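Quick look at start_38.cif (mmCIF, C-alpha atoms and all ligand atoms):
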```cif
data_start
loop_
_atom_site.group_PDB
_atom_site.id
_atom_site.type_symbol
_atom_site.label_atom_id
_atom_site.label_comp_id
_atom_site.auth_asym_id
_atom_site.auth_seq_id
_atom_site.Cartn_x
_atom_site.Cartn_y
_atom_site.Cartn_z
ATOM 1 C CA MET E 1 0.000 0.000 0.000
ATOM 2 C CA LYS E 2 2.883 2.350 0.783
ATOM 3 C CA MET E 3 4.113 2.161 -2.801
ATOM 4 C CA HIS E 4 0.586 2.881 -4.021
ATOM 5 C CA MET E 5 0.356 5.953 -1.795
ATOM 6 C CA ASN E 6 3.235 7.407 -3.823
ATOM 7 C CA HIS E 7 1.288 6.696 -6.982
ATOM 8 C CA PHE E 8 -1.729 8.509 -5.582
ATOM 9 C CA GLU E 9 0.382 11.461 -4.476
ATOM 10 C CA ASN E 10 1.810 11.641 -7.972
ATOM 11 C CA ASN E 11 -1.682 11.606 -9.501
ATOM 12 C CA ARG E 12 -2.930 14.195 -7.007
ATOM 13 C CA GLU E 13 -0.229 16.602 -8.172
ATOM 14 C CA SER E 14 -1.052 15.919 -11.836
ATOM 15 C CA TRP E 15 -4.743 16.586 -11.291
ATOM 16 C CA ASN E 16 -3.869 19.768 -9.408
ATOM 17 C CA GLU E 17 -2.062 20.957 -12.536
ATOM 18 C CA LEU E 18 -4.868 19.872 -14.865
ATOM 19 C CA THR E 19 -7.743 21.506 -12.981
ATOM 20 C CA ALA E 20 -7.212 25.126 -14.084
ATOM 21 C CA LEU E 21 -6.595 24.017 -17.660
ATOM 22 C CA HIS E 22 -9.797 21.969 -17.665
ATOM 23 C CA ALA E 23 -11.864 24.716 -16.037
ATOM 24 C CA GLY E 24 -10.817 27.055 -18.875
ATOM 25 C CA SER E 25 -11.299 24.535 -21.699
ATOM 26 C CA SER E 26 -14.059 24.463 -24.291
ATOM 27 C CA PHE E 27 -14.316 20.720 -23.541
ATOM 28 C CA TYR E 28 -15.762 21.396 -20.074
ATOM 29 C CA ASP E 29 -17.673 24.540 -21.198
ATOM 30 C CA LEU E 30 -17.779 26.072 -17.743
ATOM 31 C CA GLU E 31 -19.485 29.225 -19.078
ATOM 32 C CA GLY E 32 -22.342 27.148 -20.483
ATOM 33 C CA PHE E 33 -22.597 25.341 -17.154
ATOM 34 C CA LYS E 34 -22.684 28.634 -15.254
ATOM 35 C CA ASN E 35 -25.507 29.709 -17.548
ATOM 36 C CA GLY E 36 -27.549 26.679 -16.522
ATOM 37 C CA LYS E 37 -26.447 23.913 -18.922
ATOM 38 C CA SER E 38 -26.163 20.467 -17.306
ATOM 39 C CA SER E 39 -22.798 18.748 -17.659
ATOM 40 C CA LEU E 40 -24.488 15.339 -17.412
ATOM 41 C CA ASN E 41 -25.077 13.170 -20.473
ATOM 42 C CA HIS E 42 -28.346 11.580 -21.569
ATOM 43 C CA ILE E 43 -27.146 8.109 -20.426
ATOM 44 C CA GLU E 44 -26.699 8.861 -16.738
ATOM 45 C CA ILE E 45 -29.706 11.188 -16.644
ATOM 46 C CA GLU E 46 -31.986 8.479 -18.063
ATOM 47 C CA GLU E 47 -30.465 5.562 -16.169
ATOM 48 C CA LEU E 48 -30.416 7.331 -12.802
ATOM 49 C CA GLY E 49 -34.063 8.334 -13.128
ATOM 50 C CA ASP E 50 -35.629 10.746 -10.684
ATOM 51 C CA ILE E 51 -33.007 11.779 -8.102
ATOM 52 C CA LYS E 52 -34.994 14.564 -6.454
ATOM 53 C CA GLY E 53 -34.409 14.416 -2.714
ATOM 54 C CA LYS E 54 -31.858 11.593 -3.017
ATOM 55 C CA LYS E 55 -28.627 11.791 -1.083
ATOM 56 C CA ILE E 56 -25.740 11.147 -3.497
ATOM 57 C CA LEU E 57 -22.041 10.516 -2.871
ATOM 58 C CA HIS E 58 -20.080 11.365 -6.031
ATOM 59 C CA LEU E 59 -16.648 9.699 -6.064
ATOM 60 C CA GLN E 60 -13.862 11.362 -8.087
ATOM 61 C CA CYS E 61 -15.912 14.452 -8.883
ATOM 62 C CA HIS E 62 -13.063 16.519 -10.430
ATOM 63 C CA PHE E 63 -14.052 20.214 -10.085
ATOM 64 C CA GLY E 64 -17.659 19.440 -9.389
ATOM 65 C CA MET E 65 -19.634 20.240 -12.535
ATOM 66 C CA ASP E 66 -21.381 16.852 -12.596
ATOM 67 C CA THR E 67 -21.912 16.941 -8.828
ATOM 68 C CA LEU E 68 -23.519 20.359 -9.097
ATOM 69 C CA SER E 69 -25.570 19.211 -12.093
ATOM 70 C CA LEU E 70 -26.913 16.378 -9.904
ATOM 71 C CA ALA E 71 -27.734 18.993 -7.253
ATOM 72 C CA ARG E 72 -29.571 21.066 -9.846
ATOM 73 C CA LEU E 73 -31.791 18.002 -10.382
ATOM 74 C CA GLY E 74 -32.728 18.144 -6.726
ATOM 75 C CA ALA E 75 -30.238 15.730 -5.141
ATOM 76 C CA GLU E 76 -28.367 16.361 -1.900
ATOM 77 C CA VAL E 77 -24.758 15.872 -2.993
ATOM 78 C CA VAL E 78 -21.299 15.252 -1.573
ATOM 79 C CA GLY E 79 -18.401 15.295 -4.052
ATOM 80 C CA VAL E 80 -15.043 13.694 -3.276
ATOM 81 C CA ASP E 81 -11.778 14.095 -5.140
ATOM 82 C CA ILE E 82 -8.082 13.640 -4.394
ATOM 83 C CA SER E 83 -7.114 16.938 -6.039
ATOM 84 C CA ASP E 84 -6.853 20.027 -3.814
ATOM 85 C CA ALA E 85 -7.276 22.336 -6.819
ATOM 86 C CA SER E 86 -10.340 20.443 -8.069
ATOM 87 C CA ILE E 87 -12.064 20.580 -4.687
ATOM 88 C CA ALA E 88 -11.189 24.275 -4.248
ATOM 89 C CA LYS E 89 -12.685 25.028 -7.683
ATOM 90 C CA ALA E 90 -15.778 22.914 -6.943
ATOM 91 C CA LYS E 91 -16.389 24.819 -3.697
ATOM 92 C CA GLU E 92 -15.881 28.131 -5.501
ATOM 93 C CA LEU E 93 -18.439 27.130 -8.174
ATOM 94 C CA ALA E 94 -20.984 25.968 -5.603
ATOM 95 C CA SER E 95 -20.690 29.252 -3.783
ATOM 96 C CA GLU E 96 -20.717 31.423 -6.947
ATOM 97 C CA LEU E 97 -23.782 29.618 -8.340
ATOM 98 C CA ASP E 98 -25.412 29.297 -4.921
ATOM 99 C CA ILE E 99 -25.954 25.544 -5.313
ATOM 100 C CA PRO E 100 -26.010 23.606 -2.019
ATOM 101 C CA ALA E 101 -23.306 20.924 -2.150
ATOM 102 C CA ARG E 102 -20.493 19.613 0.010
ATOM 103 C CA PHE E 103 -17.036 18.815 -1.337
ATOM 104 C CA ILE E 104 -14.315 16.787 0.389
ATOM 105 C CA ARG E 105 -10.691 16.468 -0.634
ATOM 106 C CA SER E 106 -9.743 12.854 -0.083
ATOM 107 C CA ASN E 107 -8.317 9.810 -1.724
ATOM 108 C CA VAL E 108 -11.258 7.418 -2.257
ATOM 109 C CA TYR E 109 -9.305 4.824 -0.306
ATOM 110 C CA GLU E 110 -8.988 7.132 2.721
ATOM 111 C CA LEU E 111 -12.513 8.527 2.707
ATOM 112 C CA GLU E 112 -13.594 6.665 5.832
ATOM 113 C CA ASN E 113 -11.182 8.899 7.808
ATOM 114 C CA VAL E 114 -13.175 12.013 6.905
ATOM 115 C CA LEU E 115 -16.726 10.967 6.040
ATOM 116 C CA ASP E 116 -19.043 8.962 8.266
ATOM 117 C CA GLU E 117 -22.576 8.836 6.854
ATOM 118 C CA THR E 118 -24.615 6.856 4.339
ATOM 119 C CA PHE E 119 -26.215 7.678 1.005
ATOM 120 C CA ASP E 120 -29.102 6.612 -1.258
ATOM 121 C CA ILE E 121 -26.779 6.555 -4.256
ATOM 122 C CA VAL E 122 -23.017 6.255 -4.726
ATOM 123 C CA TYR E 123 -22.087 7.588 -8.170
ATOM 124 C CA THR E 124 -18.948 7.606 -10.296
ATOM 125 C CA SER E 125 -18.344 8.344 -13.967
ATOM 126 C CA TYR E 126 -16.134 8.608 -17.050
ATOM 127 C CA GLY E 127 -12.422 8.251 -16.427
ATOM 128 C CA ALA E 128 -12.556 7.424 -12.722
ATOM 129 C CA ILE E 129 -11.692 3.790 -11.975
ATOM 130 C CA ASN E 130 -8.558 3.839 -14.120
ATOM 131 C CA TRP E 131 -7.015 5.892 -11.276
ATOM 132 C CA LEU E 132 -7.717 3.164 -8.717
ATOM 133 C CA ASP E 133 -5.584 0.067 -8.253
ATOM 134 C CA ASP E 134 -7.724 -2.137 -6.004
ATOM 135 C CA LEU E 135 -11.354 -2.591 -7.085
ATOM 136 C CA ASP E 136 -12.206 -5.016 -4.299
ATOM 137 C CA LYS E 137 -11.287 -2.344 -1.771
ATOM 138 C CA TRP E 138 -13.181 0.236 -3.861
ATOM 139 C CA ALA E 139 -16.350 -1.911 -3.849
ATOM 140 C CA LYS E 140 -16.099 -2.387 -0.071
ATOM 141 C CA ILE E 141 -15.947 1.391 0.344
ATOM 142 C CA ILE E 142 -18.952 1.874 -1.958
ATOM 143 C CA ARG E 143 -20.912 -0.682 0.045
ATOM 144 C CA SER E 144 -20.006 0.956 3.345
ATOM 145 C CA TYR E 145 -21.433 4.303 2.151
ATOM 146 C CA LEU E 146 -24.753 2.899 0.965
ATOM 147 C CA GLN E 147 -27.895 2.827 3.026
ATOM 148 C CA PRO E 148 -29.669 -0.543 3.121
ATOM 149 C CA ILE E 149 -30.947 -1.167 -0.446
ATOM 150 C CA GLY E 150 -28.997 1.902 -1.643
ATOM 151 C CA ILE E 151 -27.898 2.114 -5.281
ATOM 152 C CA PHE E 152 -24.456 2.160 -6.825
ATOM 153 C CA TYR E 153 -24.371 3.644 -10.331
ATOM 154 C CA MET E 154 -21.382 4.020 -12.623
ATOM 155 C CA VAL E 155 -20.837 4.924 -16.260
ATOM 156 C CA GLU E 156 -17.343 4.424 -17.610
ATOM 157 C CA PHE E 157 -15.151 4.144 -20.683
ATOM 158 C CA HIS E 158 -15.111 0.532 -21.813
ATOM 159 C CA PRO E 159 -11.909 -1.394 -21.008
ATOM 160 C CA PHE E 160 -11.692 -2.475 -24.655
ATOM 161 C CA ILE E 161 -10.946 1.154 -25.604
ATOM 162 C CA TYR E 162 -7.897 1.175 -23.336
ATOM 163 C CA THR E 163 -6.341 -1.693 -25.303
ATOM 164 C CA LEU E 164 -5.988 0.531 -28.398
ATOM 165 C CA ASN E 165 -2.880 2.548 -29.234
ATOM 166 C CA ASP E 166 -2.846 5.845 -31.163
ATOM 167 C CA ASP E 167 -3.156 3.899 -34.436
ATOM 168 C CA SER E 168 -6.226 2.015 -33.139
ATOM 169 C CA GLU E 169 -4.291 -1.246 -32.969
ATOM 170 C CA ILE E 170 -4.723 -3.537 -29.978
ATOM 171 C CA SER E 171 -1.473 -3.028 -28.098
ATOM 172 C CA ASP E 172 -2.287 -3.218 -24.383
ATOM 173 C CA SER E 173 -3.775 -6.091 -22.458
ATOM 174 C CA TYR E 174 -7.522 -5.987 -21.846
ATOM 175 C CA PHE E 175 -7.031 -7.563 -18.449
ATOM 176 C CA LYS E 176 -6.172 -6.134 -15.039
ATOM 177 C CA SER E 177 -2.832 -4.388 -15.238
ATOM 178 C CA ASP E 178 -0.053 -3.434 -12.898
ATOM 179 C CA ALA E 179 0.533 0.297 -12.544
ATOM 180 C CA LEU E 180 0.887 1.881 -15.988
ATOM 181 C CA GLU E 181 3.000 5.009 -16.119
ATOM 182 C CA SER E 182 2.660 7.577 -18.894
ATOM 183 C CA VAL E 183 4.020 11.062 -19.473
ATOM 184 C CA VAL E 184 1.416 13.564 -20.592
ATOM 185 C CA GLU E 185 2.146 16.876 -22.291
ATOM 186 C CA GLN E 186 -1.372 17.653 -23.488
ATOM 187 C CA SER E 187 -4.713 17.218 -21.811
ATOM 188 C CA TYR E 188 -7.556 15.196 -23.306
ATOM 189 C CA THR E 189 -9.675 18.342 -23.285
ATOM 190 C CA ASP E 190 -8.685 20.605 -26.178
ATOM 191 C CA GLN E 191 -5.152 19.294 -26.709
ATOM 192 C CA SER E 192 -3.687 22.493 -25.268
ATOM 193 C CA GLU E 193 -0.314 22.084 -23.648
ATOM 194 C CA ILE E 194 -0.059 21.773 -19.892
ATOM 195 C CA SER E 195 1.898 24.977 -19.281
ATOM 196 C CA GLY E 196 4.990 23.432 -20.874
ATOM 197 C CA LYS E 197 5.076 20.774 -18.152
ATOM 198 C CA LYS E 198 5.197 17.035 -18.498
ATOM 199 C CA LEU E 199 2.874 15.276 -16.081
ATOM 200 C CA LYS E 200 3.297 11.706 -14.970
ATOM 201 C CA HIS E 201 0.083 9.678 -14.802
ATOM 202 C CA ILE E 202 -0.180 6.339 -13.061
ATOM 203 C CA GLU E 203 -3.222 4.321 -14.017
ATOM 204 C CA TRP E 204 -4.598 0.804 -13.947
ATOM 205 C CA HIS E 205 -6.665 -1.115 -16.471
ATOM 206 C CA HIS E 206 -9.645 -3.093 -15.224
ATOM 207 C CA SER E 207 -11.552 -5.628 -17.283
ATOM 208 C CA LEU E 208 -15.338 -5.747 -17.138
ATOM 209 C CA SER E 209 -15.261 -9.023 -15.189
ATOM 210 C CA GLU E 210 -12.946 -7.474 -12.597
ATOM 211 C CA VAL E 211 -15.355 -4.563 -12.079
ATOM 212 C CA ILE E 212 -18.421 -6.790 -11.908
ATOM 213 C CA ASN E 213 -16.884 -9.422 -9.661
ATOM 214 C CA SER E 214 -15.627 -6.788 -7.224
ATOM 215 C CA LEU E 215 -19.232 -5.566 -6.863
ATOM 216 C CA ILE E 216 -20.783 -9.035 -6.669
ATOM 217 C CA SER E 217 -18.308 -10.292 -4.112
ATOM 218 C CA ASN E 218 -19.120 -7.300 -1.916
ATOM 219 C CA ASP E 219 -22.839 -8.039 -2.045
ATOM 220 C CA LEU E 220 -23.779 -5.372 -4.535
ATOM 221 C CA LYS E 221 -26.435 -7.019 -6.647
ATOM 222 C CA LEU E 222 -26.343 -6.066 -10.320
ATOM 223 C CA GLU E 223 -29.582 -4.613 -11.717
ATOM 224 C CA PHE E 224 -28.139 -3.902 -15.156
ATOM 225 C CA LEU E 225 -24.979 -3.754 -17.201
ATOM 226 C CA ASN E 226 -25.235 -1.777 -20.447
ATOM 227 C CA GLU E 227 -22.627 -1.376 -23.178
ATOM 228 C CA PHE E 228 -22.610 1.446 -25.707
ATOM 229 C CA PRO E 229 -21.229 1.522 -29.275
ATOM 230 C CA TYR E 230 -20.147 5.181 -28.972
ATOM 231 C CA GLN E 231 -18.438 7.696 -26.664
ATOM 232 C CA VAL E 232 -20.141 10.759 -25.263
ATOM 233 C CA TYR E 233 -16.794 12.597 -25.120
ATOM 234 C CA ASP E 234 -14.348 13.286 -27.927
ATOM 235 C CA CYS E 235 -11.403 12.419 -25.678
ATOM 236 C CA PHE E 236 -9.706 9.407 -27.267
ATOM 237 C CA PRO E 237 -7.565 9.255 -30.414
ATOM 238 C CA ASN E 238 -9.168 8.494 -33.795
ATOM 239 C CA LEU E 239 -12.769 9.241 -32.915
ATOM 240 C CA THR E 240 -15.230 10.454 -35.502
ATOM 241 C CA ALA E 241 -18.559 12.167 -34.835
ATOM 242 C CA CYS E 242 -21.582 9.886 -35.294
ATOM 243 C CA GLY E 243 -24.438 11.996 -33.989
ATOM 244 C CA GLN E 244 -25.165 14.809 -31.579
ATOM 245 C CA GLY E 245 -22.677 14.414 -28.694
ATOM 246 C CA LYS E 246 -21.584 10.986 -29.933
ATOM 247 C CA TRP E 247 -18.245 9.761 -31.280
ATOM 248 C CA MET E 248 -16.972 6.366 -32.359
ATOM 249 C CA ASN E 249 -13.628 4.866 -33.253
ATOM 250 C CA GLU E 250 -13.142 5.529 -36.979
ATOM 251 C CA LYS E 251 -11.605 2.102 -37.622
ATOM 252 C CA TYR E 252 -14.011 -0.148 -35.696
ATOM 253 C CA GLY E 253 -17.135 2.051 -35.626
ATOM 254 C CA ASN E 254 -20.086 0.638 -33.744
ATOM 255 C CA LYS E 255 -18.751 -2.933 -33.919
ATOM 256 C CA VAL E 256 -16.943 -2.479 -30.605
ATOM 257 C CA PRO E 257 -18.012 -1.293 -27.154
ATOM 258 C CA HIS E 258 -16.974 2.249 -26.175
ATOM 259 C CA MET E 259 -18.636 2.745 -22.784
ATOM 260 C CA TYR E 260 -20.585 0.782 -20.205
ATOM 261 C CA SER E 261 -22.847 1.509 -17.278
ATOM 262 C CA ILE E 262 -23.783 -0.490 -14.200
ATOM 263 C CA LYS E 263 -26.521 -0.199 -11.633
ATOM 264 C CA ALA E 264 -26.187 -2.351 -8.527
ATOM 265 C CA ARG E 265 -28.132 -2.483 -5.303
ATOM 266 C CA LYS E 266 -26.825 -3.116 -1.834
ATOM 267 C CA SER E 267 -28.102 -6.432 -0.521
ATOM 268 C CA HIS E 268 -29.008 -6.866 3.112
ATOM 269 C CA THR E 269 -26.296 -9.290 4.107
ATOM 270 C CA ILE E 270 -22.842 -10.291 3.020
ATOM 271 C CA THR E 271 -22.999 -13.870 1.729
ATOM 272 C CA LEU E 272 -20.271 -16.011 3.210
HETATM 273 C C1 LIG M 301 -11.391 12.271 -15.438
HETATM 274 S S1 LIG M 301 -11.728 12.921 -13.847
HETATM 275 C C2 LIG M 301 -13.356 12.273 -13.565
HETATM 276 C C3 LIG M 301 -14.346 13.272 -13.970
HETATM 277 C C4 LIG M 301 -15.752 12.784 -13.782
HETATM 278 N N1 LIG M 301 -16.290 12.271 -15.006
HETATM 279 C C5 LIG M 301 -16.648 13.858 -13.241
HETATM 280 O O1 LIG M 301 -17.549 13.518 -12.551
HETATM 281 O O2 LIG M 301 -16.450 15.039 -13.496
HETATM 282 C C6 LIG M 301 -10.809 11.890 -12.737
HETATM 283 C C7 LIG M 301 -10.790 12.465 -11.327
HETATM 284 O O3 LIG M 301 -10.357 11.434 -10.442
HETATM 285 C C8 LIG M 301 -9.630 12.050 -9.395
HETATM 286 N N2 LIG M 301 -8.849 11.015 -8.712
HETATM 287 C C9 LIG M 301 -7.815 10.294 -9.211
HETATM 288 N N3 LIG M 301 -7.400 9.393 -8.299
HETATM 289 C C10 LIG M 301 -8.190 9.547 -7.195
HETATM 290 C C11 LIG M 301 -8.268 8.900 -5.928
HETATM 291 N N4 LIG M 301 -7.430 7.911 -5.606
HETATM 292 N N5 LIG M 301 -9.195 9.314 -5.041
HETATM 293 C C12 LIG M 301 -10.049 10.358 -5.351
HETATM 294 N N6 LIG M 301 -10.018 10.996 -6.545
HETATM 295 C C13 LIG M 301 -9.116 10.591 -7.464
HETATM 296 C C14 LIG M 301 -8.806 13.112 -10.102
HETATM 297 O O4 LIG M 301 -8.334 14.088 -9.230
HETATM 298 C C15 LIG M 301 -9.807 13.626 -11.143
HETATM 299 O O5 LIG M 301 -10.477 14.757 -10.675
#
```
Show me the file's structure as structure tokens.
Amino acid sequence: MKMHMNHFENNRESWNELTALHAGSSFYDLEGFKNGKSSLNHIEIEELGDIKGKKILHLQCHFGMDTLSLARLGAEVVGVDISDASIAKAKELASELDIPARFIRSNVYELENVLDETFDIVYTSYGAINWLDDLDKWAKIIRSYLQPIGIFYMVEFHPFIYTLNDDSEISDSYFKSDALESVVEQSYTDQSEISGKKLKHIEWHHSLSEVINSLISNDLKLEFLNEFPYQVYDCFPNLTACGQGKWMNEKYGNKVPHMYSIKARKSHTITL
């Protein structure tokens, strides 16, 4: 775990650098958001259903646009992120827009040290679990924050997409990886340079079975698993537009999965 803490510290610093760049990018369209536009996509809006009055814990909330969009739909929200800059920006936005929300700076794996309450829904989305090494531990944490029969909902980039290199050839393993280190000079947002700096990212790949089994073995009962033949963000190489707010890999098109979503419900007891 000690070695992993260094990885997380590294990633925390990277995300601190990225936050200001992202907040100013056309990709995140903060101005549109400030003017009332939701940052949520049709998938999570439809699959979550009515969240009015629901208490939601949003893991890895970045600078809070999605968290605040959930609040605008009437949910009582708590956003958590490892990045100091992201959480500072999220708090600033909540205050500027007068949206009630709480934000906590914490590593997901250390959240129990700073948050002791339960939620109707634990939520996480797009580009989150690739920053986590241990999904069994992650699922235990999710479970611990859910009220009895509470819901876990996630929507993520499909692990197949992470096997592709910049030429859309399968180069990386689909299956659970050790820590993967990369040096990043441009963000996925609008390809602008990161103030001339090179950031080190440490990530992990997780297959679909690893995600699902971590939930099942922690008594989170799957209600659905959906796979999508397109992305809702233009943030991977070689994507081509295929509809309003939809992109697909130009080589494989809709023959391959691009994203997936899961809804699971906390069961009453852990099965031994
Ligand atoms: C691509 S962003 C996710 C954005 C997300 N779609 C949203 O709701 O806006 C990934 C986020 O994960 C955060 N993160 C990475 N590792 C983390 C960890 N161990 N614990 C908490 N947050 C983490 C980063 O700081 C970053 O804000």
**OP:** Name every residue that the PyMOL selection byres (((not hetatm)) within 7 of (chain M and resi 301)) selects in this structure, writing the answer as a ChimeraX atom specification with chains first and numbers rising.
**Re:** /E:8,11-12,15,59-67,80-83,86,106-109,124-128,131-132
Mind writing the picked residues with C-alpha atoms as an mmCIF file, in the coordinates of the input?
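What follows is the written file again-v2.cif:
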```cif
data_model
loop_
_atom_site.group_PDB
_atom_site.id
_atom_site.type_symbol
_atom_site.label_atom_id
_atom_site.label_comp_id
_atom_site.auth_asym_id
_atom_site.auth_seq_id
_atom_site.Cartn_x
_atom_site.Cartn_y
_atom_site.Cartn_z
ATOM 1 C CA PHE E 8 -1.729 8.509 -5.582
ATOM 2 C CA ASN E 11 -1.682 11.606 -9.501
ATOM 3 C CA ARG E 12 -2.930 14.195 -7.007
ATOM 4 C CA TRP E 15 -4.743 16.586 -11.291
ATOM 5 C CA LEU E 59 -16.648 9.699 -6.064
ATOM 6 C CA GLN E 60 -13.862 11.362 -8.087
ATOM 7 C CA CYS E 61 -15.912 14.452 -8.883
ATOM 8 C CA HIS E 62 -13.063 16.519 -10.430
ATOM 9 C CA PHE E 63 -14.052 20.214 -10.085
ATOM 10 C CA GLY E 64 -17.659 19.440 -9.389
ATOM 11 C CA MET E 65 -19.634 20.240 -12.535
ATOM 12 C CA ASP E 66 -21.381 16.852 -12.596
ATOM 13 C CA THR E 67 -21.912 16.941 -8.828
ATOM 14 C CA VAL E 80 -15.043 13.694 -3.276
ATOM 15 C CA ASP E 81 -11.778 14.095 -5.140
ATOM 16 C CA ILE E 82 -8.082 13.640 -4.394
ATOM 17 C CA SER E 83 -7.114 16.938 -6.039
ATOM 18 C CA SER E 86 -10.340 20.443 -8.069
ATOM 19 C CA SER E 106 -9.743 12.854 -0.083
ATOM 20 C CA ASN E 107 -8.317 9.810 -1.724
ATOM 21 C CA VAL E 108 -11.258 7.418 -2.257
ATOM 22 C CA TYR E 109 -9.305 4.824 -0.306
ATOM 23 C CA THR E 124 -18.948 7.606 -10.296
ATOM 24 C CA SER E 125 -18.344 8.344 -13.967
ATOM 25 C CA TYR E 126 -16.134 8.608 -17.050
ATOM 26 C CA GLY E 127 -12.422 8.251 -16.427
ATOM 27 C CA ALA E 128 -12.556 7.424 -12.722
ATOM 28 C CA TRP E 131 -7.015 5.892 -11.276
ATOM 29 C CA LEU E 132 -7.717 3.164 -8.717
#
```
Original post:
Quick one: of E:Leu70, E:Ala85, E:Ala75, E:Ala179, who's nearest to Asn6 (chain E), counting only C-alpha atoms?
Top reply: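 Using only C-alpha atoms, the shortest distance to Asn6 (chain E) belongs to E:Ala179.
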**OP:** Give as a list of chain:residue names the residues that the PyMOL selection byres (((chain E and resi 242) around 12) and not hetatm) matches when applied to the coordinates above.
**Re:** E:Pro229, E:Tyr230, E:Gln231, E:Val232, E:Tyr233, E:Asp234, E:Leu239, E:Thr240, E:Ala241, E:Gly243, E:Gln244, E:Gly245, E:Lys246, E:Trp247, E:Met248, E:Asn249, E:Glu250, E:Gly253, E:Asn254
Restricting it to C-alpha atoms, dump the selection as a compact mmCIF listing (two decimals), keeping the file's coordinate frame.
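Saved result, again24.txt, follows:
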```
# COMPACT_ATOMS: atom_id res chain seq x y z
CA PRO E 229 -21.23 1.52 -29.28
CA TYR E 230 -20.15 5.18 -28.97
CA GLN E 231 -18.44 7.70 -26.66
CA VAL E 232 -20.14 10.76 -25.26
CA TYR E 233 -16.79 12.60 -25.12
CA ASP E 234 -14.35 13.29 -27.93
CA LEU E 239 -12.77 9.24 -32.92
CA THR E 240 -15.23 10.45 -35.50
CA ALA E 241 -18.56 12.17 -34.84
CA GLY E 243 -24.44 12.00 -33.99
CA GLN E 244 -25.16 14.81 -31.58
CA GLY E 245 -22.68 14.41 -28.69
CA LYS E 246 -21.58 10.99 -29.93
CA TRP E 247 -18.24 9.76 -31.28
CA MET E 248 -16.97 6.37 -32.36
CA ASN E 249 -13.63 4.87 -33.25
CA GLU E 250 -13.14 5.53 -36.98
CA GLY E 253 -17.14 2.05 -35.63
CA ASN E 254 -20.09 0.64 -33.74
```
Subject >> Selected residue of minimal separation from Lys140 (chain E) among E:Lys266, E:His7, E:Lys54, E:His158, counting all atoms listed in the file >> reply: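 Comparing E:Lys266, E:His7, E:Lys54, E:His158 against Lys140 (chain E), the winner is E:Lys266.
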Original post:
When you draw a straight line from CA of Ser39 (chain E) to CA of Ile161 (chain E), how long is it in Å?
Top reply: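 Pair CA of Ser39 (chain E) / CA of Ile161 (chain E) returns 22.7 Å.
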Please report as a Markdown table every residue of region 112-149 of chain E lying within 7 Å of region 209-226 of chain E, along with the nearest atom pair and their distance in Å (one decimal), using all atoms listed in the file.
```
| residue | atom | partner | partner_atom | distance |
| --- | --- | --- | --- | --- |
| E:Leu135 | CA | E:Ser214 | CA | 6.0 |
| E:Asp136 | CA | E:Ser214 | CA | 4.8 |
| E:Ala139 | CA | E:Leu215 | CA | 5.5 |
| E:Lys140 | CA | E:Asn218 | CA | 6.1 |
```
Radius query 12 Å about (-19.7, 17.8, 3.4), atoms used: all atoms listed in the file, as an mmCIF file with C-alpha atoms, in the frame of the given file:
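Written out: part-v4.cif:
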```
data_model
loop_
_atom_site.group_PDB
_atom_site.id
_atom_site.type_symbol
_atom_site.label_atom_id
_atom_site.label_comp_id
_atom_site.auth_asym_id
_atom_site.auth_seq_id
_atom_site.Cartn_x
_atom_site.Cartn_y
_atom_site.Cartn_z
ATOM 1 C CA LYS E 55 -28.627 11.791 -1.083
ATOM 2 C CA ILE E 56 -25.740 11.147 -3.497
ATOM 3 C CA LEU E 57 -22.041 10.516 -2.871
ATOM 4 C CA HIS E 58 -20.080 11.365 -6.031
ATOM 5 C CA GLU E 76 -28.367 16.361 -1.900
ATOM 6 C CA VAL E 77 -24.758 15.872 -2.993
ATOM 7 C CA VAL E 78 -21.299 15.252 -1.573
ATOM 8 C CA GLY E 79 -18.401 15.295 -4.052
ATOM 9 C CA VAL E 80 -15.043 13.694 -3.276
ATOM 10 C CA ILE E 87 -12.064 20.580 -4.687
ATOM 11 C CA LYS E 91 -16.389 24.819 -3.697
ATOM 12 C CA PRO E 100 -26.010 23.606 -2.019
ATOM 13 C CA ALA E 101 -23.306 20.924 -2.150
ATOM 14 C CA ARG E 102 -20.493 19.613 0.010
ATOM 15 C CA PHE E 103 -17.036 18.815 -1.337
ATOM 16 C CA ILE E 104 -14.315 16.787 0.389
ATOM 17 C CA ARG E 105 -10.691 16.468 -0.634
ATOM 18 C CA SER E 106 -9.743 12.854 -0.083
ATOM 19 C CA LEU E 111 -12.513 8.527 2.707
ATOM 20 C CA VAL E 114 -13.175 12.013 6.905
ATOM 21 C CA LEU E 115 -16.726 10.967 6.040
ATOM 22 C CA ASP E 116 -19.043 8.962 8.266
ATOM 23 C CA GLU E 117 -22.576 8.836 6.854
#
```
Original post:
CA of Ser173 (chain E) and CA of His205 (chain E), how far apart in Å?
Top reply: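 Value for the CA of His205 (chain E)-CA of Ser173 (chain E) distance: 8.3 Å.
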With 12 Å as the cut-off and all atoms listed in the file counted, what is the closest atom pair between each nearby residue of region 87-127 of chain E and region 46-50 of chain E? Distances in Å to one decimal, ordered by chain and number, as JSON lines.
```
{"residue": "E:Asp120", "atom": "CA", "partner": "E:Leu48", "partner_atom": "CA", "distance": 11.6}
{"residue": "E:Ile121", "atom": "CA", "partner": "E:Leu48", "partner_atom": "CA", "distance": 9.3}
{"residue": "E:Val122", "atom": "CA", "partner": "E:Leu48", "partner_atom": "CA", "distance": 11.0}
{"residue": "E:Tyr123", "atom": "CA", "partner": "E:Leu48", "partner_atom": "CA", "distance": 9.5}
{"residue": "E:Thr124", "atom": "CA", "partner": "E:Leu48", "partner_atom": "CA", "distance": 11.7}
```
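Here CA of Asp98 (chain E) is placed at a distance of 22.0 Å from CA of Ile45 (chain E).
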**OP:** Find the spatial neighbours of Leu208 (chain E), counting all atoms listed in the file, within a cut-off of 9 Å - ignore same-chain residues fewer than 6 positions away - and output them as a list in words.
**Re:**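 My list of contacting residues is His158, Pro159, Phe160, Phe175 and Tyr260 of chain E.
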